[in-house]
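Chemist: Contents of protein05.cif (mmCIF, C-alpha atoms) are given next:
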```cif
data_protein
loop_
_atom_site.label_atom_id
_atom_site.label_comp_id
_atom_site.auth_asym_id
_atom_site.auth_seq_id
_atom_site.Cartn_x
_atom_site.Cartn_y
_atom_site.Cartn_z
CA MET A 1 115.09 109.02 74.41
CA LYS A 2 113.04 105.94 75.16
CA LYS A 3 114.11 103.75 78.02
CA SER A 4 114.36 100.65 75.82
CA MET A 5 116.73 102.42 73.42
CA ARG A 6 118.88 103.76 76.28
CA GLN A 7 119.05 100.34 77.92
CA SER A 8 119.95 98.70 74.63
CA ARG A 9 122.82 101.16 74.24
CA ILE A 10 123.91 100.54 77.85
CA GLU A 11 124.08 96.81 77.11
CA GLN A 12 126.20 97.48 74.01
CA LEU A 13 128.56 99.76 75.95
CA ILE A 14 129.16 97.43 78.88
CA ASN A 15 129.81 94.55 76.49
CA GLN A 16 132.23 96.71 74.48
CA TYR A 17 134.13 98.57 77.23
CA PRO A 18 135.40 97.61 80.72
CA ILE A 19 133.01 99.92 82.57
CA GLY A 20 133.14 99.61 86.35
CA THR A 21 131.27 102.65 87.71
CA GLN A 22 128.08 104.58 87.05
CA GLU A 23 130.21 107.64 86.29
CA GLU A 24 132.12 105.76 83.58
CA LEU A 25 128.85 104.52 82.14
CA MET A 26 127.44 108.06 82.09
CA GLU A 27 130.59 109.30 80.31
CA HIS A 28 130.29 106.62 77.62
CA LEU A 29 126.60 107.42 77.18
CA GLU A 30 127.38 111.12 76.78
CA GLU A 31 130.01 110.28 74.15
CA VAL A 32 127.29 108.65 72.05
CA GLY A 33 124.88 111.54 72.63
CA ILE A 34 122.73 110.10 75.41
CA GLN A 35 122.08 112.31 78.42
CA ALA A 36 120.90 110.54 81.57
CA THR A 37 120.93 111.35 85.26
CA GLN A 38 122.70 109.22 87.85
CA ALA A 39 119.30 108.20 89.25
CA THR A 40 118.18 107.02 85.80
CA ILE A 41 121.40 105.05 85.31
CA SER A 42 120.98 103.49 88.75
CA ARG A 43 117.41 102.38 87.88
CA ASP A 44 118.58 101.00 84.53
CA ILE A 45 121.34 99.00 86.26
CA ARG A 46 118.82 97.49 88.67
CA GLU A 47 116.19 96.75 85.98
CA MET A 48 118.73 95.25 83.59
CA GLN A 49 120.23 93.05 86.32
CA ILE A 50 123.68 94.52 85.82
CA VAL A 51 126.18 93.32 88.41
CA LYS A 52 129.89 93.83 88.95
CA ALA A 53 132.07 90.84 88.21
CA GLN A 54 135.77 90.26 87.89
CA ASP A 55 137.01 90.08 84.30
CA GLY A 56 139.87 87.92 83.07
CA HIS A 57 142.39 90.56 84.15
CA GLY A 58 141.10 90.76 87.72
CA HIS A 59 139.33 94.12 87.25
CA LEU A 60 135.76 94.73 88.38
CA ARG A 61 133.42 95.64 85.56
CA TYR A 62 129.71 95.73 84.89
CA THR A 63 128.16 92.70 83.28
CA ILE A 64 124.56 91.76 82.64
CA PHE A 65 123.50 88.83 84.74
CA LYS A 66 122.11 86.20 82.40
CA ALA A 67 121.83 82.51 82.97
CA GLY A 68 122.58 81.78 79.31
CA ASN A 69 121.74 78.27 78.24
CA ARG A 70 121.92 76.89 81.74
CA SER A 71 118.95 76.99 84.03
CA GLU A 72 119.21 79.43 86.91
CA GLU A 73 119.27 76.49 89.34
CA GLU A 74 122.26 74.98 87.50
CA ARG A 75 124.02 78.33 87.54
CA LEU A 76 123.40 78.61 91.30
CA ARG A 77 124.84 75.13 91.94
CA GLU A 78 127.88 75.77 89.75
CA THR A 79 128.53 79.20 91.25
CA ILE A 80 128.25 77.88 94.81
CA ASN A 81 130.76 75.16 93.94
CA GLU A 82 133.15 77.62 92.29
CA VAL A 83 133.10 80.63 94.64
CA VAL A 84 131.79 79.75 98.12
CA THR A 85 134.64 79.33 100.60
CA GLY A 86 132.69 79.23 103.85
CA LEU A 87 129.20 78.72 105.20
CA THR A 88 127.78 79.49 108.65
CA ARG A 89 124.17 79.47 109.87
CA VAL A 90 123.06 81.67 112.77
CA GLU A 91 119.38 81.16 113.58
CA PHE A 92 117.50 82.26 110.42
CA VAL A 93 120.54 83.69 108.58
CA ASN A 94 123.08 81.88 106.41
CA ILE A 95 126.40 83.65 105.99
CA LEU A 96 128.37 82.72 102.89
CA LYS A 97 132.01 83.66 102.35
CA THR A 98 133.03 83.83 98.70
CA LEU A 99 136.13 84.39 96.68
CA PRO A 100 136.84 88.14 96.40
CA SER A 101 134.45 90.12 94.17
CA ASN A 102 131.84 87.34 93.93
CA GLY A 103 129.41 88.26 96.72
CA ASN A 104 127.13 90.45 94.60
CA LEU A 105 127.04 88.03 91.69
CA LEU A 106 126.02 85.06 93.83
CA ALA A 107 123.44 87.15 95.72
CA ALA A 108 121.93 88.23 92.38
CA ILE A 109 121.49 84.57 91.44
CA PHE A 110 119.74 83.83 94.75
CA ASP A 111 117.53 86.92 94.32
CA ASP A 112 116.54 86.00 90.76
CA LEU A 113 115.49 82.49 91.72
CA ASN A 114 112.88 83.76 94.21
CA LEU A 115 113.40 80.68 96.36
CA PRO A 116 110.87 80.31 99.21
CA GLU A 117 113.83 79.69 101.54
CA VAL A 118 115.20 83.18 100.82
CA ALA A 119 113.40 86.19 102.29
CA GLY A 120 116.24 88.48 101.20
CA THR A 121 119.97 88.85 100.66
CA LEU A 122 122.61 91.39 101.62
CA ALA A 123 125.88 91.16 99.71
CA GLY A 124 129.29 92.69 99.87
CA HIS A 125 132.66 92.10 98.25
CA ASP A 126 133.09 88.55 99.54
CA THR A 127 130.24 87.93 102.00
CA ILE A 128 126.52 87.28 101.61
CA PHE A 129 123.86 87.25 104.30
CA ILE A 130 120.85 85.20 103.25
CA ILE A 131 117.84 85.78 105.47
CA SER A 132 115.25 83.01 105.66
CA PRO A 133 111.70 83.14 107.07
CA SER A 134 112.62 80.85 109.99
CA ALA A 135 115.51 78.94 111.55
CA GLU A 136 114.09 75.67 110.22
CA VAL A 137 113.96 76.99 106.66
CA ALA A 138 117.47 78.45 107.06
CA GLU A 139 118.73 75.01 108.09
CA LYS A 140 117.21 73.48 104.96
CA LEU A 141 118.90 76.15 102.82
CA HIS A 142 122.18 75.64 104.70
CA ASP A 143 122.08 71.92 103.88
CA MET A 144 121.35 72.61 100.21
CA ILE A 145 124.27 75.07 99.95
CA ALA A 146 126.62 72.72 101.83
CA ASN A 147 125.77 69.90 99.41
CA GLU A 148 126.71 72.10 96.43
CA MET A 149 129.97 73.42 97.91
CA ASN A 150 133.32 72.22 96.68
CA PRO A 151 134.09 69.13 98.83
CA ASP A 152 137.66 70.40 99.34
CA ILE A 153 136.27 73.39 101.28
CA VAL A 154 135.79 72.82 104.99
CA HIS A 155 132.47 74.23 106.20
#
```
Represent the structure from my file as structure tokens, please.
Modeler:
Amino acid sequence: MKKSMRQSRIEQLINQYPIGTQEELMEHLEEVGIQATQATISRDIREMQIVKAQDGHGHLRYTIFKAGNRSEEERLRETINEVVTGLTRVEFVNILKTLPSNGNLLAAIFDDLNLPEVAGTLAGHDTIFIISPSAEVAEKLHDMIANEMNPDIVH
């Protein structure tokens, strides 16, 4: 099966079912007659920009990261305002605390923007490390993030 057809089916499945693991995705693919290895599924997830996000019931599930009608910069600003609960800068690294289950989503937005202030990100459940090329650049990024944070949050 061609990659484009498999990825199209993956998109349909994750929009139709609350799939939260690669194993669940592989099972759904097998049910529709598509055989794929875990390595292939992992590559598809990365290429398709599939991230885990909390659904309306509080469960983690795969979703395709898309900016929709908003620009990616607008989505970054809105997401920072909605989910960032803390911000600390240590030399050339900014450490962001987020609401639970939002670290990977916010890091994906930073990664997709390819900002010159971001050399790379490392995300977990509710924490993101953003590495900048220098302490000066990290301070500039820190100020930008702080300006977008919810003013009710102490940082």
Chemist: Find, counting all atoms listed in the file, the residue in A:Arg43, A:Lys52, A:His142, A:Arg89 that gets nearest to Ala107 (chain A).
Modeler: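 That would be A:Lys52, the residue with the smallest distance to Ala107 (chain A).
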Chemist: Any idea what's packed within 10 Å of region 15-19 of chain A, counting only C-alpha atoms, ignoring anything in its chain fewer than 2 positions away? Could you give it as a PyMOL selection string?
Modeler: chain A and resi 9-13+21-28+52+55+59-64
Chemist: Any idea what the distance is between CA of Gln7 (chain A) and CA of Gly20 (chain A)?
Modeler: 16.4 Å
Chemist: Would you pick out the contacts of region 150-153 of chain A at 10 Å or less, using all atoms listed in the file, so that residues sharing its chain but fewer than 5 positions from it are not included, and give the list as a ChimeraX atom specification?
Modeler: /A:78,80-87
Chemist: Output the residue selection produced by the PyMOL selection byres ((chain A and resi 94-103) around 7) on the file above, formatted as a PyMOL selection string.
Modeler: chain A and resi 53-54+83-90+92-93+104-107+123-131+138+142
Chemist: Would you compute the distance between CA of Thr37 (chain A) and CA of Gln49 (chain A)? Give it in Å to one decimal.
Modeler: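 Computing the Euclidean distance for CA of Thr37 (chain A) and CA of Gln49 (chain A) yields 18.3 Å.
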Chemist: Rounded to one decimal in Å, what is the spacing between CA of Asp112 (chain A) and CA of Glu72 (chain A)?
Modeler: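 Spanning CA of Asp112 (chain A) to CA of Glu72 (chain A) is a straight-line distance of 8.1 Å.
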Chemist: Given the file above and the PyMOL selection byres ((chain A and resi 133) around 6), which residues are selected, and can you give them as a VMD selection string?
Modeler: chain A and resid 119 132 134
